[in-house]
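So this one's query-v1.txt, compact mmCIF, C-alpha atoms:
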# COMPACT_ATOMS: atom_id res chain seq x y z
CA MET W 1 -27.12 23.08 -8.15
CA THR W 2 -24.31 25.21 -9.59
CA ASN W 3 -23.01 24.76 -13.11
CA SER W 4 -19.82 23.21 -11.73
CA ASP W 5 -21.79 20.74 -9.60
CA ASN W 6 -23.94 19.86 -12.60
CA LYS W 7 -20.86 19.11 -14.71
CA LYS W 8 -19.42 16.85 -12.00
CA LEU W 9 -22.73 15.03 -11.67
CA LEU W 10 -23.02 14.52 -15.43
CA ALA W 11 -19.44 13.23 -15.58
CA ALA W 12 -20.17 10.68 -12.85
CA LEU W 13 -23.42 9.57 -14.48
CA GLU W 14 -21.80 9.19 -17.91
CA ALA W 15 -19.00 7.10 -16.37
CA ASN W 16 -21.69 4.90 -14.80
CA TRP W 17 -23.43 4.60 -18.16
CA GLN W 18 -20.21 3.62 -19.93
CA ALA W 19 -19.47 0.98 -17.27
CA GLU W 20 -22.98 -0.52 -17.49
CA MET W 21 -22.82 -0.63 -21.29
CA GLU W 22 -19.46 -2.33 -21.10
CA GLY W 23 -20.98 -4.88 -18.73
CA HIS W 24 -23.87 -5.40 -21.16
CA TYR W 25 -21.53 -6.11 -24.07
CA THR W 26 -19.31 -8.32 -21.90
CA TYR W 27 -22.14 -10.56 -20.75
CA THR W 28 -23.60 -10.63 -24.26
CA ALA W 29 -20.28 -11.83 -25.69
CA PHE W 30 -19.99 -14.56 -23.08
CA ALA W 31 -23.58 -15.64 -23.70
CA LYS W 32 -22.90 -16.05 -27.41
CA GLY W 33 -19.99 -18.36 -26.72
CA GLU W 34 -21.68 -20.41 -24.00
CA VAL W 35 -22.91 -23.89 -25.00
CA ASP W 36 -24.72 -24.73 -21.77
CA PRO W 37 -28.34 -23.47 -22.14
CA GLN W 38 -28.79 -22.70 -18.44
CA ARG W 39 -25.57 -20.70 -18.20
CA ARG W 40 -26.31 -18.97 -21.52
CA ASN W 41 -29.72 -17.81 -20.31
CA ALA W 42 -28.23 -16.58 -17.04
CA LEU W 43 -25.62 -14.55 -18.92
CA ARG W 44 -28.27 -13.09 -21.19
CA GLY W 45 -30.25 -12.07 -18.13
CA LEU W 46 -27.20 -10.31 -16.71
CA ALA W 47 -26.64 -8.54 -20.03
CA ALA W 48 -30.26 -7.36 -20.10
CA ALA W 49 -30.00 -6.05 -16.54
CA GLU W 50 -26.84 -4.10 -17.35
CA LYS W 51 -28.59 -2.57 -20.38
CA HIS W 52 -31.50 -1.59 -18.15
CA HIS W 53 -29.11 0.14 -15.76
CA ALA W 54 -27.50 1.97 -18.66
CA ASP W 55 -30.92 3.13 -19.87
CA LEU W 56 -31.68 4.50 -16.40
CA TRP W 57 -28.44 6.52 -16.40
CA ALA W 58 -29.00 7.71 -19.96
CA GLY W 59 -32.48 8.88 -19.04
CA ARG W 60 -31.23 10.87 -16.06
CA ILE W 61 -28.44 12.39 -18.13
CA GLN W 62 -30.96 13.65 -20.69
CA GLU W 63 -33.25 14.93 -17.94
CA LEU W 64 -30.35 17.11 -16.81
CA GLY W 65 -30.17 18.66 -20.29
CA ALA W 66 -27.19 16.76 -21.67
CA PRO W 67 -27.20 14.84 -24.97
CA ALA W 68 -27.50 11.07 -24.99
CA PRO W 69 -24.13 9.47 -24.15
CA GLN W 70 -22.12 7.64 -26.80
CA TYR W 71 -20.39 4.33 -26.09
CA THR W 72 -16.63 4.64 -26.60
CA ARG W 73 -15.32 1.27 -25.44
CA ASP W 74 -14.85 -2.14 -27.08
CA ARG W 75 -18.02 -3.75 -28.43
CA SER W 76 -17.04 -7.05 -26.88
CA GLY W 77 -16.74 -5.40 -23.49
CA GLN W 78 -14.12 -7.13 -21.38
CA ALA W 79 -14.79 -10.62 -22.74
CA ASP W 80 -11.81 -10.90 -25.05
CA SER W 81 -9.28 -9.33 -22.74
CA LEU W 82 -10.45 -11.35 -19.76
CA ALA W 83 -10.52 -14.65 -21.62
CA ASN W 84 -7.07 -14.08 -23.08
CA ARG W 85 -5.55 -12.81 -19.87
CA VAL W 86 -6.63 -15.45 -17.37
CA GLY W 87 -7.45 -18.33 -19.70
CA GLY W 88 -10.84 -19.96 -19.71
CA THR W 89 -14.42 -18.88 -19.24
CA ASP W 90 -14.74 -19.89 -15.60
CA LEU W 91 -11.84 -17.75 -14.44
CA ALA W 92 -13.02 -14.88 -16.65
CA LEU W 93 -16.42 -15.05 -14.99
CA ARG W 94 -14.71 -15.14 -11.63
CA ARG W 95 -13.03 -11.87 -12.53
CA LEU W 96 -16.43 -10.43 -13.45
CA GLU W 97 -17.74 -11.58 -10.08
CA ILE W 98 -14.97 -9.53 -8.47
CA ASP W 99 -15.81 -6.58 -10.75
CA GLU W 100 -19.44 -6.72 -9.63
CA GLY W 101 -18.26 -6.47 -6.02
CA ARG W 102 -16.12 -3.49 -6.90
CA ASP W 103 -19.09 -1.81 -8.62
CA ILE W 104 -21.17 -2.23 -5.49
CA ALA W 105 -18.50 -0.44 -3.48
CA LYS W 106 -18.23 2.34 -6.07
CA TYR W 107 -21.98 2.92 -6.16
CA GLY W 108 -22.12 2.81 -2.38
CA LYS W 109 -19.70 5.74 -2.22
CA GLN W 110 -21.75 7.64 -4.79
CA LEU W 111 -24.78 7.41 -2.53
CA LYS W 112 -23.00 9.90 -0.27
CA ALA W 113 -21.33 11.96 -2.98
CA LEU W 114 -23.80 12.64 -5.79
CA GLY W 115 -26.24 14.82 -3.88
CA ASP W 116 -28.95 14.37 -6.54
CA PRO W 117 -32.12 12.60 -5.25
CA PRO W 118 -33.22 11.16 -8.63
CA SER W 119 -29.71 9.77 -9.22
CA VAL W 120 -29.60 8.38 -5.69
CA ALA W 121 -32.90 6.58 -6.35
CA ILE W 122 -31.36 4.98 -9.44
CA LEU W 123 -28.29 4.04 -7.41
CA GLU W 124 -30.37 2.24 -4.83
CA GLU W 125 -32.04 0.16 -7.54
CA VAL W 126 -28.74 -0.55 -9.30
CA ILE W 127 -26.95 -1.55 -6.08
CA ALA W 128 -29.70 -4.05 -5.26
CA ASP W 129 -29.40 -5.54 -8.75
CA GLU W 130 -25.60 -5.64 -8.62
CA ARG W 131 -25.75 -7.63 -5.38
CA GLU W 132 -27.97 -10.14 -7.13
CA HIS W 133 -25.52 -10.23 -10.04
CA TYR W 134 -22.69 -11.00 -7.63
CA GLN W 135 -24.63 -13.94 -6.20
CA THR W 136 -25.74 -15.09 -9.65
CA LEU W 137 -22.15 -15.16 -10.92
CA GLY W 138 -21.05 -17.08 -7.84
CA ASN W 139 -23.76 -19.69 -8.38
CA LEU W 140 -23.10 -19.75 -12.11
CA ILE W 141 -19.42 -20.51 -11.64
CA ARG W 142 -19.76 -23.06 -8.86
CA SER W 143 -22.83 -24.94 -10.06
CA ARG W 144 -21.05 -26.28 -13.14
CA ARG W 145 -17.92 -27.62 -11.50
CA PRO W 146 -15.46 -26.51 -8.82
CA LEU W 147 -13.53 -23.43 -9.85
CA PRO W 148 -9.89 -24.30 -10.70
CA VAL W 149 -7.43 -23.23 -8.05
CA MET W 150 -5.79 -19.95 -9.00
CA PRO W 151 -2.00 -20.16 -9.17
CA PRO W 152 -0.25 -17.46 -7.10
CA GLU W 153 0.50 -15.23 -10.10
CA GLN W 154 -3.16 -15.13 -11.13
CA ALA W 155 -4.27 -14.48 -7.58
CA GLN W 156 -1.75 -11.63 -7.44
CA GLU W 157 -3.13 -10.18 -10.67
CA ALA W 158 -6.69 -10.35 -9.39
CA LEU W 159 -5.69 -8.72 -6.10
CA ASP W 160 -3.83 -5.94 -7.93
CA ASP W 161 -6.94 -5.23 -9.97
CA LEU W 162 -9.07 -5.07 -6.83
CA LEU W 163 -6.72 -2.58 -5.18
CA ALA W 164 -5.94 -0.49 -8.27
CA ALA W 165 -8.80 1.92 -7.64
CA ARG W 166 -7.88 2.46 -4.03
CA ASP W 167 -5.29 4.76 -2.59
CA LYS W 168 -2.10 2.92 -1.88
CA GLY W 169 0.18 3.23 1.01
CA HIS W 170 3.05 1.38 2.39
CA ALA W 171 4.42 1.99 5.80
CA GLN W 172 6.84 -0.09 7.84
CA ALA W 173 6.92 0.11 11.60
CA ALA W 174 10.29 0.44 13.38
CA GLY W 175 10.81 -0.09 17.10
CA TRP W 176 12.88 2.18 19.31
CA VAL W 177 15.78 -0.29 19.11
CA GLY W 178 15.97 0.19 15.38
CA ASP W 179 15.73 3.97 15.79
CA ALA W 180 18.52 3.88 18.36
CA ILE W 181 20.88 1.77 16.25
CA TYR W 182 20.20 3.89 13.21
CA GLY W 183 20.72 7.06 15.27
CA ILE W 184 24.06 5.92 16.67
CA ASN W 185 25.19 4.90 13.21
CA ASP W 186 24.14 8.22 11.70
CA GLY W 187 25.70 10.33 14.45
CA LEU W 188 28.92 8.33 14.50
CA GLY W 189 29.32 8.37 10.74
CA SER W 190 28.53 12.04 10.16
CA ILE W 191 30.54 13.46 13.06
CA PHE W 192 33.48 11.10 12.45
CA GLY W 193 33.60 12.58 8.96
CA ILE W 194 33.51 16.12 10.35
CA VAL W 195 36.19 15.37 12.95
CA SER W 196 38.42 13.73 10.34
CA GLY W 197 38.03 16.60 7.90
CA VAL W 198 38.63 19.35 10.46
CA SER W 199 41.56 17.40 11.94
CA GLY W 200 43.13 17.15 8.51
CA ALA W 201 42.64 20.86 7.89
CA THR W 202 43.96 21.98 11.31
CA LEU W 203 46.42 19.15 12.17
CA GLY W 204 44.22 18.10 15.06
CA ASN W 205 43.65 21.52 16.66
CA SER W 206 41.33 20.48 19.49
CA HIS W 207 39.69 23.90 19.72
CA PHE W 208 38.37 23.83 16.15
CA VAL W 209 37.59 20.13 16.21
CA LEU W 210 35.51 20.48 19.38
CA ILE W 211 33.57 23.46 18.03
CA ALA W 212 32.80 21.72 14.73
CA GLY W 213 32.13 18.36 16.36
CA LEU W 214 29.83 19.64 19.10
CA ALA W 215 27.91 21.86 16.70
CA GLY W 216 27.49 18.91 14.35
CA MET W 217 26.43 16.68 17.23
CA VAL W 218 23.64 19.06 18.30
CA ALA W 219 22.46 19.57 14.72
CA SER W 220 22.48 15.83 13.96
CA ALA W 221 20.64 14.94 17.16
CA LEU W 222 17.92 17.54 16.57
CA SER W 223 17.58 16.53 12.93
CA MET W 224 17.36 12.83 13.74
CA GLY W 225 14.91 13.36 16.60
CA SER W 226 12.57 15.55 14.60
CA GLY W 227 12.82 13.28 11.57
CA ALA W 228 12.04 10.17 13.63
CA TYR W 229 9.08 11.93 15.28
CA LEU W 230 7.58 13.07 11.97
CA ALA W 231 8.17 9.67 10.37
CA ALA W 232 6.48 7.80 13.21
CA LYS W 233 3.62 10.29 13.31
CA SER W 234 3.08 10.03 9.56
CA GLU W 235 3.22 6.25 9.78
CA ARG W 236 0.50 6.24 12.42
CA GLU W 237 -1.64 8.72 10.46
CA ILE W 238 -1.32 6.58 7.33
CA PHE W 239 -2.36 3.49 9.28
CA GLU W 240 -5.35 5.27 10.81
CA ALA W 241 -6.44 6.59 7.41
CA GLU W 242 -6.04 3.14 5.85
CA PHE W 243 -7.95 1.55 8.72
CA ALA W 244 -10.79 4.04 8.18
CA ARG W 245 -10.82 3.26 4.44
CA GLU W 246 -10.95 -0.47 5.12
CA ARG W 247 -13.80 0.03 7.58
CA GLU W 248 -15.72 1.97 4.93
CA ALA W 249 -14.93 -0.69 2.32
CA VAL W 250 -16.25 -3.46 4.59
CA GLU W 251 -19.40 -1.50 5.36
CA ASP W 252 -20.03 -0.70 1.69
CA ASN W 253 -19.23 -4.16 0.34
CA GLU W 254 -18.20 -6.90 2.71
CA ALA W 255 -18.11 -9.45 -0.13
CA GLU W 256 -15.34 -7.58 -1.91
CA ALA W 257 -13.42 -7.18 1.34
CA ARG W 258 -13.54 -10.93 1.87
CA GLU W 259 -12.33 -11.50 -1.68
CA VAL W 260 -9.36 -9.19 -1.15
CA LEU W 261 -8.36 -11.05 1.99
CA SER W 262 -8.87 -14.45 0.41
CA LEU W 263 -6.69 -13.56 -2.57
CA SER W 264 -4.01 -12.26 -0.24
CA TYR W 265 -3.85 -15.61 1.52
CA GLN W 266 -3.91 -17.49 -1.80
CA ILE W 267 -0.86 -15.53 -2.94
CA ARG W 268 0.95 -16.93 0.08
CA GLY W 269 0.14 -20.43 -1.11
CA LEU W 270 -3.02 -21.23 0.86
CA PRO W 271 -5.50 -23.26 -1.24
CA GLU W 272 -8.54 -21.28 -2.31
CA GLU W 273 -10.99 -23.39 -0.33
CA ASP W 274 -8.93 -23.07 2.83
CA ALA W 275 -8.43 -19.34 2.27
CA GLU W 276 -12.14 -18.73 1.92
CA ARG W 277 -12.90 -20.84 4.98
CA PHE W 278 -10.32 -18.90 6.96
CA VAL W 279 -11.75 -15.58 5.80
CA ASP W 280 -15.27 -16.71 6.69
CA GLN W 281 -14.05 -17.43 10.21
CA ILE W 282 -12.39 -13.99 10.51
CA ALA W 283 -15.45 -12.24 9.08
CA LYS W 284 -17.64 -13.46 11.94
CA ASP W 285 -16.20 -10.46 13.80
CA LYS W 286 -16.34 -7.42 11.50
CA GLU W 287 -13.71 -5.59 13.54
CA GLN W 288 -11.28 -8.47 13.07
CA LEU W 289 -11.99 -8.45 9.34
CA ILE W 290 -11.14 -4.76 9.16
CA LYS W 291 -7.94 -5.29 11.12
CA ALA W 292 -6.92 -8.18 8.89
CA LEU W 293 -7.46 -6.10 5.75
CA ALA W 294 -5.48 -3.17 7.14
CA ARG W 295 -2.69 -5.52 8.18
CA GLU W 296 -2.51 -6.99 4.67
CA ARG W 297 -2.38 -3.53 3.09
CA LEU W 298 0.31 -2.08 5.38
CA ASN W 299 2.12 -5.22 6.59
CA THR W 300 1.77 -4.04 10.17
CA THR W 301 -0.66 -3.71 13.04
CA GLU W 302 -1.50 -0.84 15.35
CA GLU W 303 0.55 -2.51 18.07
CA GLY W 304 3.55 -2.61 15.74
CA LEU W 305 3.54 1.12 15.04
CA SER W 306 6.27 3.30 16.45
CA LYS W 307 5.33 5.87 19.08
CA PRO W 308 6.33 9.34 17.82
CA MET W 309 7.78 10.61 21.11
CA VAL W 310 9.65 7.37 21.80
CA SER W 311 11.12 7.43 18.29
CA ALA W 312 12.08 11.08 18.66
CA VAL W 313 13.78 10.66 22.03
CA SER W 314 15.58 7.42 21.13
CA GLY W 315 16.66 8.83 17.77
CA ALA W 316 17.96 12.11 19.20
CA ILE W 317 19.77 10.62 22.21
CA SER W 318 21.33 7.77 20.24
CA THR W 319 22.50 10.17 17.54
CA ALA W 320 24.07 12.42 20.17
CA ILE W 321 25.81 9.43 21.77
CA GLY W 322 27.14 8.24 18.44
CA ALA W 323 28.25 11.76 17.51
CA LEU W 324 30.05 12.27 20.83
CA ILE W 325 32.34 9.23 20.43
CA PRO W 326 34.75 10.70 17.84
CA ILE W 327 34.94 13.97 19.81
CA ILE W 328 35.87 12.53 23.21
CA PRO W 329 39.68 12.29 22.66
CA PHE W 330 39.84 16.00 21.81
CA PHE W 331 38.65 16.92 25.31
CA PHE W 332 41.90 15.51 26.68
CA MET W 333 44.37 15.54 23.77
CA ALA W 334 45.43 17.62 20.80
CA GLY W 335 47.34 17.19 17.56
CA ILE W 336 48.08 13.91 15.79
CA PRO W 337 47.75 11.77 18.97
CA ALA W 338 44.16 13.04 19.36
CA VAL W 339 43.46 12.26 15.71
CA ILE W 340 44.81 8.71 16.10
CA ALA W 341 42.87 8.16 19.33
CA ALA W 342 39.67 9.46 17.70
CA ALA W 343 40.17 7.15 14.74
CA ILE W 344 40.68 4.11 16.99
CA VAL W 345 37.65 4.70 19.23
CA SER W 346 35.50 5.57 16.20
CA LEU W 347 36.43 2.40 14.34
CA ILE W 348 35.79 0.33 17.46
CA ALA W 349 32.41 2.02 17.76
CA HIS W 350 31.70 1.34 14.07
CA PHE W 351 32.38 -2.34 14.67
CA ALA W 352 30.12 -2.37 17.74
CA VAL W 353 27.27 -0.67 15.87
CA GLY W 354 27.63 -3.07 12.95
CA ALA W 355 27.59 -6.04 15.33
CA ALA W 356 24.49 -4.61 17.03
CA LYS W 357 22.73 -4.35 13.68
CA SER W 358 22.96 -8.14 13.39
CA LEU W 359 20.31 -8.30 16.14
CA MET W 360 17.81 -7.09 13.54
CA THR W 361 19.17 -8.97 10.52
CA ILE W 362 20.20 -12.51 9.61
CA ARG W 363 23.86 -11.62 9.10
CA SER W 364 26.60 -12.75 11.48
CA TRP W 365 27.71 -10.12 14.01
CA TRP W 366 31.35 -10.17 12.94
CA SER W 367 30.52 -9.80 9.24
CA SER W 368 28.22 -6.85 9.90
CA GLY W 369 30.75 -5.32 12.28
CA LEU W 370 33.65 -5.62 9.83
CA GLU W 371 31.57 -4.09 7.07
CA MET W 372 30.75 -1.07 9.23
CA THR W 373 34.40 -0.76 10.28
CA PHE W 374 35.57 -0.79 6.66
CA VAL W 375 33.01 1.84 5.68
CA GLY W 376 34.04 4.01 8.63
CA ALA W 377 37.74 3.67 7.79
CA VAL W 378 37.17 4.68 4.17
CA GLU W 379 35.06 7.62 5.29
CA GLY W 380 37.71 8.76 7.77
CA VAL W 381 40.59 8.53 5.30
CA VAL W 382 38.70 10.33 2.54
CA THR W 383 37.50 13.19 4.74
CA TYR W 384 40.93 13.52 6.39
CA VAL W 385 42.63 13.84 3.00
CA ILE W 386 40.01 16.31 1.84
CA GLY W 387 40.53 18.27 5.06
CA ILE W 388 44.29 18.45 4.46
CA GLY W 389 43.64 19.78 0.97
CA LEU W 390 41.16 22.38 2.23
CA GLY W 391 43.60 23.37 4.96
CA LYS W 392 46.33 24.06 2.43
CA ILE W 393 43.96 25.98 0.18
CA GLY W 394 42.73 28.06 3.13
CA GLY W 395 46.19 28.59 4.54
CA GLY W 396 45.44 26.58 7.64
CA GLN W 397 48.77 24.74 7.47
When written as structure tokens, how does the structure in this file appear?
Amino acid sequence: MTNSDNKKLLAALEANWQAEMEGHYTYTAFAKGEVDPQRRNALRGLAAAEKHHADLWAGRIQELGAPAPQYTRDRSGQADSLANRVGGTDLALRRLEIDEGRDIAKYGKQLKALGDPPSVAILEEVIADEREHYQTLGNLIRSRRPLPVMPPEQAQEALDDLLAARDKGHAQAAGWVGDAIYGINDGLGSIFGIVSGVSGATLGNSHFVLIAGLAGMVASALSMGSGAYLAAKSEREIFEAEFAREREAVEDNEAEAREVLSLSYQIRGLPEEDAERFVDQIAKDKEQLIKALARERLNTTEEGLSKPMVSAVSGAISTAIGALIPIIPFFFMAGIPAVIAAAIVSLIAHFAVGAAKSLMTIRSWWSSGLEMTFVGAVEGVVTYVIGIGLGKIGGGQ
């Protein structure tokens, strides 16, 4: 083992030691405040087990030639912060139950990463104990009385804590219809601005307007197509990576995965008992459990993902169509009449695109259409005036 590998190993082992010592102090603090003898003894047993785990890690650290680790965290562990944050011992213990599940997942990953046989042997013992701790906490909480239903804000907090250590990713799928509408809107808006500006600078010289407009049309279509392709491809890659992470999470610690899903449903207002029953039903098929977790993380499914080539083609073609609309009059006309004709057809197209957007929103078609028309009119006037100014500066008029 190289010096660098040894340092990484020692850092991981010391982090494990700190976590186990924190668990020891946490359970000890709860045991001191517990009035029920049976629960108090159970908490003391958990505290002793955490101390034993810490001693195992400390021993291995010293075997590797490092000094004995020093505890740097709060001597009450998480007891005070948990009790104050969620209110009440039962819910605080429930949070610890979740933490035990997270520790199992963390240690499961270390089995593959540490590469040190003596440390792996300790891990195997610790993981077995942590699974027992998870079950003990569950029995401890539920044997006294039913756990109070978590309100949505507390369920959200617990879920955020569960996911904090994981990589986060949000991706939203968009169908080809959305790509097409967005492409037409982008092409129409950008090229209408170019046509208006060049028309203002050249008093509607069709030769210059066509050159600028067609060049802009090609550039916009290529840009939109490539952008849509890369976005859809990245979206799919993110989903696949997230799906793989959820599969690994389920394999390492299915209990934690169920808890994540249950909390997600509780946030939506489903009672805890119903949420857990629903998750139990899903978990009968591990593949469905993985899919449900991935869907909750990304708010989409594999079927809802955009296809890169479809997005690219629809984005490029729709952008080209939208960009061509303001240019069409200049194929047949020149001067101010061409400018007026271009403005009319462009504003009509703006209204049509805005109305089409209402298919994907809850707004009325006329409201959306008028909004787009107003935006297009402002854009046309501004760029036309700017074009006139640039034309005078450049001596074009």
Counting only C-alpha atoms, the residue of W:Arg60, W:Ile238, W:Ala228, W:Ala212 that sits nearest W:Gly197: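 So, comparing all the options, the nearest one is W:Ala212.
The closest residue to W:Glu34, picked from W:Ala68, W:Ile393, W:Val381, W:Leu93 and counting all atoms listed in the file, is W:Leu93.
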Counting all atoms listed in the file, the option among W:Phe30, W:Glu287, W:Lys8, W:Phe330 closest to W:Ala92: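 Residue with the minimum atom-to-atom distance to W:Ala92: W:Phe30.
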Nearest residue to W:Ser234 from the set W:Ser364, W:Thr319, W:Gln288, W:Ser306 (distances using only C-alpha atoms):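 Going through W:Ser364, W:Thr319, W:Gln288, W:Ser306 one by one, the smallest distance to W:Ser234 is for W:Ser306.
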Distance criterion (all atoms listed in the file): nearest to W:Glu125 out of W:Asp186, W:Glu50, W:Asp80, W:Asp36: W:Glu50
Pick from W:Gly322, W:Val209, W:Phe192, W:Leu56, whichever lies nearest to W:Ala121 using only C-alpha atoms: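 Ranked by minimum distance to W:Ala121, first place goes to W:Leu56.
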W:Gly376 environment, 8 Å, all atoms listed in the file, sequence neighbours closer than 6 positions dropped, as a ChimeraX atom specification: /W:189,346-347,350
Close residues, W:Ala66 itself excluded, 12 Å, only C-alpha atoms, min 4 positions apart in chain, as a list in words: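 Once the nearby chain positions are removed, what remains is Asn6, Lys7, Leu9, Leu10, Ala11, Leu13, Glu14, Trp57, Ala58, Gly59, Arg60, Ile61, Gln62 and Gln70 of chain W.
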Contacts of W:Ala356 at 8 Å (all atoms listed in the file; same-chain gap of 5+ positions) as a ChimeraX atom specification: /W:181,365,369
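Taking atom CA of W:Pro337 and atom CA of W:Val378 as the two end points, the separation is 19.5 Å.
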Please list, as a PDB file with C-alpha atoms, keeping the file's coordinate frame, the residues that have an atom at most 12 Å away from (40.6, 8.6, 16.6) in the coordinates of this file, counting all atoms listed in the file.
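Once written, result.pdb looks like this:
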ATOM      1  CA  LEU W 188      28.920   8.330  14.500  1.00  0.00           C
ATOM      2  CA  ILE W 191      30.540  13.460  13.060  1.00  0.00           C
ATOM      3  CA  PHE W 192      33.480  11.100  12.450  1.00  0.00           C
ATOM      4  CA  GLY W 193      33.600  12.580   8.960  1.00  0.00           C
ATOM      5  CA  VAL W 195      36.190  15.370  12.950  1.00  0.00           C
ATOM      6  CA  SER W 196      38.420  13.730  10.340  1.00  0.00           C
ATOM      7  CA  SER W 199      41.560  17.400  11.940  1.00  0.00           C
ATOM      8  CA  GLY W 204      44.220  18.100  15.060  1.00  0.00           C
ATOM      9  CA  VAL W 209      37.590  20.130  16.210  1.00  0.00           C
ATOM     10  CA  LEU W 324      30.050  12.270  20.830  1.00  0.00           C
ATOM     11  CA  ILE W 325      32.340   9.230  20.430  1.00  0.00           C
ATOM     12  CA  PRO W 326      34.750  10.700  17.840  1.00  0.00           C
ATOM     13  CA  ILE W 327      34.940  13.970  19.810  1.00  0.00           C
ATOM     14  CA  ILE W 328      35.870  12.530  23.210  1.00  0.00           C
ATOM     15  CA  PRO W 329      39.680  12.290  22.660  1.00  0.00           C
ATOM     16  CA  PHE W 330      39.840  16.000  21.810  1.00  0.00           C
ATOM     17  CA  MET W 333      44.370  15.540  23.770  1.00  0.00           C
ATOM     18  CA  ALA W 334      45.430  17.620  20.800  1.00  0.00           C
ATOM     19  CA  GLY W 335      47.340  17.190  17.560  1.00  0.00           C
ATOM     20  CA  ILE W 336      48.080  13.910  15.790  1.00  0.00           C
ATOM     21  CA  PRO W 337      47.750  11.770  18.970  1.00  0.00           C
ATOM     22  CA  ALA W 338      44.160  13.040  19.360  1.00  0.00           C
ATOM     23  CA  VAL W 339      43.460  12.260  15.710  1.00  0.00           C
ATOM     24  CA  ILE W 340      44.810   8.710  16.100  1.00  0.00           C
ATOM     25  CA  ALA W 341      42.870   8.160  19.330  1.00  0.00           C
ATOM     26  CA  ALA W 342      39.670   9.460  17.700  1.00  0.00           C
ATOM     27  CA  ALA W 343      40.170   7.150  14.740  1.00  0.00           C
ATOM     28  CA  ILE W 344      40.680   4.110  16.990  1.00  0.00           C
ATOM     29  CA  VAL W 345      37.650   4.700  19.230  1.00  0.00           C
ATOM     30  CA  SER W 346      35.500   5.570  16.200  1.00  0.00           C
ATOM     31  CA  LEU W 347      36.430   2.400  14.340  1.00  0.00           C
ATOM     32  CA  ILE W 348      35.790   0.330  17.460  1.00  0.00           C
ATOM     33  CA  ALA W 349      32.410   2.020  17.760  1.00  0.00           C
ATOM     34  CA  HIS W 350      31.700   1.340  14.070  1.00  0.00           C
ATOM     35  CA  GLY W 376      34.040   4.010   8.630  1.00  0.00           C
ATOM     36  CA  ALA W 377      37.740   3.670   7.790  1.00  0.00           C
ATOM     37  CA  GLY W 380      37.710   8.760   7.770  1.00  0.00           C
ATOM     38  CA  VAL W 381      40.590   8.530   5.300  1.00  0.00           C
ATOM     39  CA  TYR W 384      40.930  13.520   6.390  1.00  0.00           C
TER      40      TYR W 384
END
d(atom CA of W:Gly45, atom CA of W:Ser262) in Å: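 For atom CA of W:Gly45 relative to atom CA of W:Ser262, the distance reads 28.4 Å.
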Residues near W:Ala316, cut-off 9 Å, only C-alpha atoms, skip fewer than 6 positions along chain, as an MDAnalysis selection string: chainID W and resid 180 183 220:226 228
Computed interatomic separation between atom CA of W:Leu230 and atom CA of W:Glu296 (Å): 23.6 Å
Close residues, W:His53 itself excluded, 9 Å, all atoms listed in the file, min 5 positions apart in chain, as a list in words: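 The filter keeps Asn16, Trp17, Glu20, Met21, Ala48, Ala58, Ile122, Glu125 and Val126 of chain W.
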Go ahead and save the picked residues with C-alpha atoms, as a PDB file, in the coordinates of the input.
ATOM      1  CA  ASN W  16     -21.690   4.900 -14.800  1.00  0.00           C
ATOM      2  CA  TRP W  17     -23.430   4.600 -18.160  1.00  0.00           C
ATOM      3  CA  GLU W  20     -22.980  -0.520 -17.490  1.00  0.00           C
ATOM      4  CA  MET W  21     -22.820  -0.630 -21.290  1.00  0.00           C
ATOM      5  CA  ALA W  48     -30.260  -7.360 -20.100  1.00  0.00           C
ATOM      6  CA  ALA W  58     -29.000   7.710 -19.960  1.00  0.00           C
ATOM      7  CA  ILE W 122     -31.360   4.980  -9.440  1.00  0.00           C
ATOM      8  CA  GLU W 125     -32.040   0.160  -7.540  1.00  0.00           C
ATOM      9  CA  VAL W 126     -28.740  -0.550  -9.300  1.00  0.00           C
TER      10      VAL W 126
END
Padding 5 Å on each side, edges along x, y and z: where is the centre of the box around the listed atoms of stretch 277-283 of chain W, and how long are its edges in Å to one decimal? Output it as JSON.
{"center_x": -12.9, "center_y": -16.5, "center_z": 7.7, "size_x": 15.1, "size_y": 18.6, "size_z": 15.5}
Within 8 Å of file point (6.1, 9.5, 17.4), counting all atoms listed in the file, expressed as a list in words: Ala228, Tyr229, Leu230, Ala231, Ala232, Lys233, Ser306, Lys307, Pro308, Met309, Val310, Ser311 and Ala312 of chain W
Take the selection from the previous step and output its residues with C-alpha atoms, as a PDB file, keeping the file's coordinate frame.
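The resulting file, out_14.pdb, is shown below:
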ATOM      1  CA  ALA W 228      12.040  10.170  13.630  1.00  0.00           C
ATOM      2  CA  TYR W 229       9.080  11.930  15.280  1.00  0.00           C
ATOM      3  CA  LEU W 230       7.580  13.070  11.970  1.00  0.00           C
ATOM      4  CA  ALA W 231       8.170   9.670  10.370  1.00  0.00           C
ATOM      5  CA  ALA W 232       6.480   7.800  13.210  1.00  0.00           C
ATOM      6  CA  LYS W 233       3.620  10.290  13.310  1.00  0.00           C
ATOM      7  CA  SER W 306       6.270   3.300  16.450  1.00  0.00           C
ATOM      8  CA  LYS W 307       5.330   5.870  19.080  1.00  0.00           C
ATOM      9  CA  PRO W 308       6.330   9.340  17.820  1.00  0.00           C
ATOM     10  CA  MET W 309       7.780  10.610  21.110  1.00  0.00           C
ATOM     11  CA  VAL W 310       9.650   7.370  21.800  1.00  0.00           C
ATOM     12  CA  SER W 311      11.120   7.430  18.290  1.00  0.00           C
ATOM     13  CA  ALA W 312      12.080  11.080  18.660  1.00  0.00           C
TER      14      ALA W 312
END
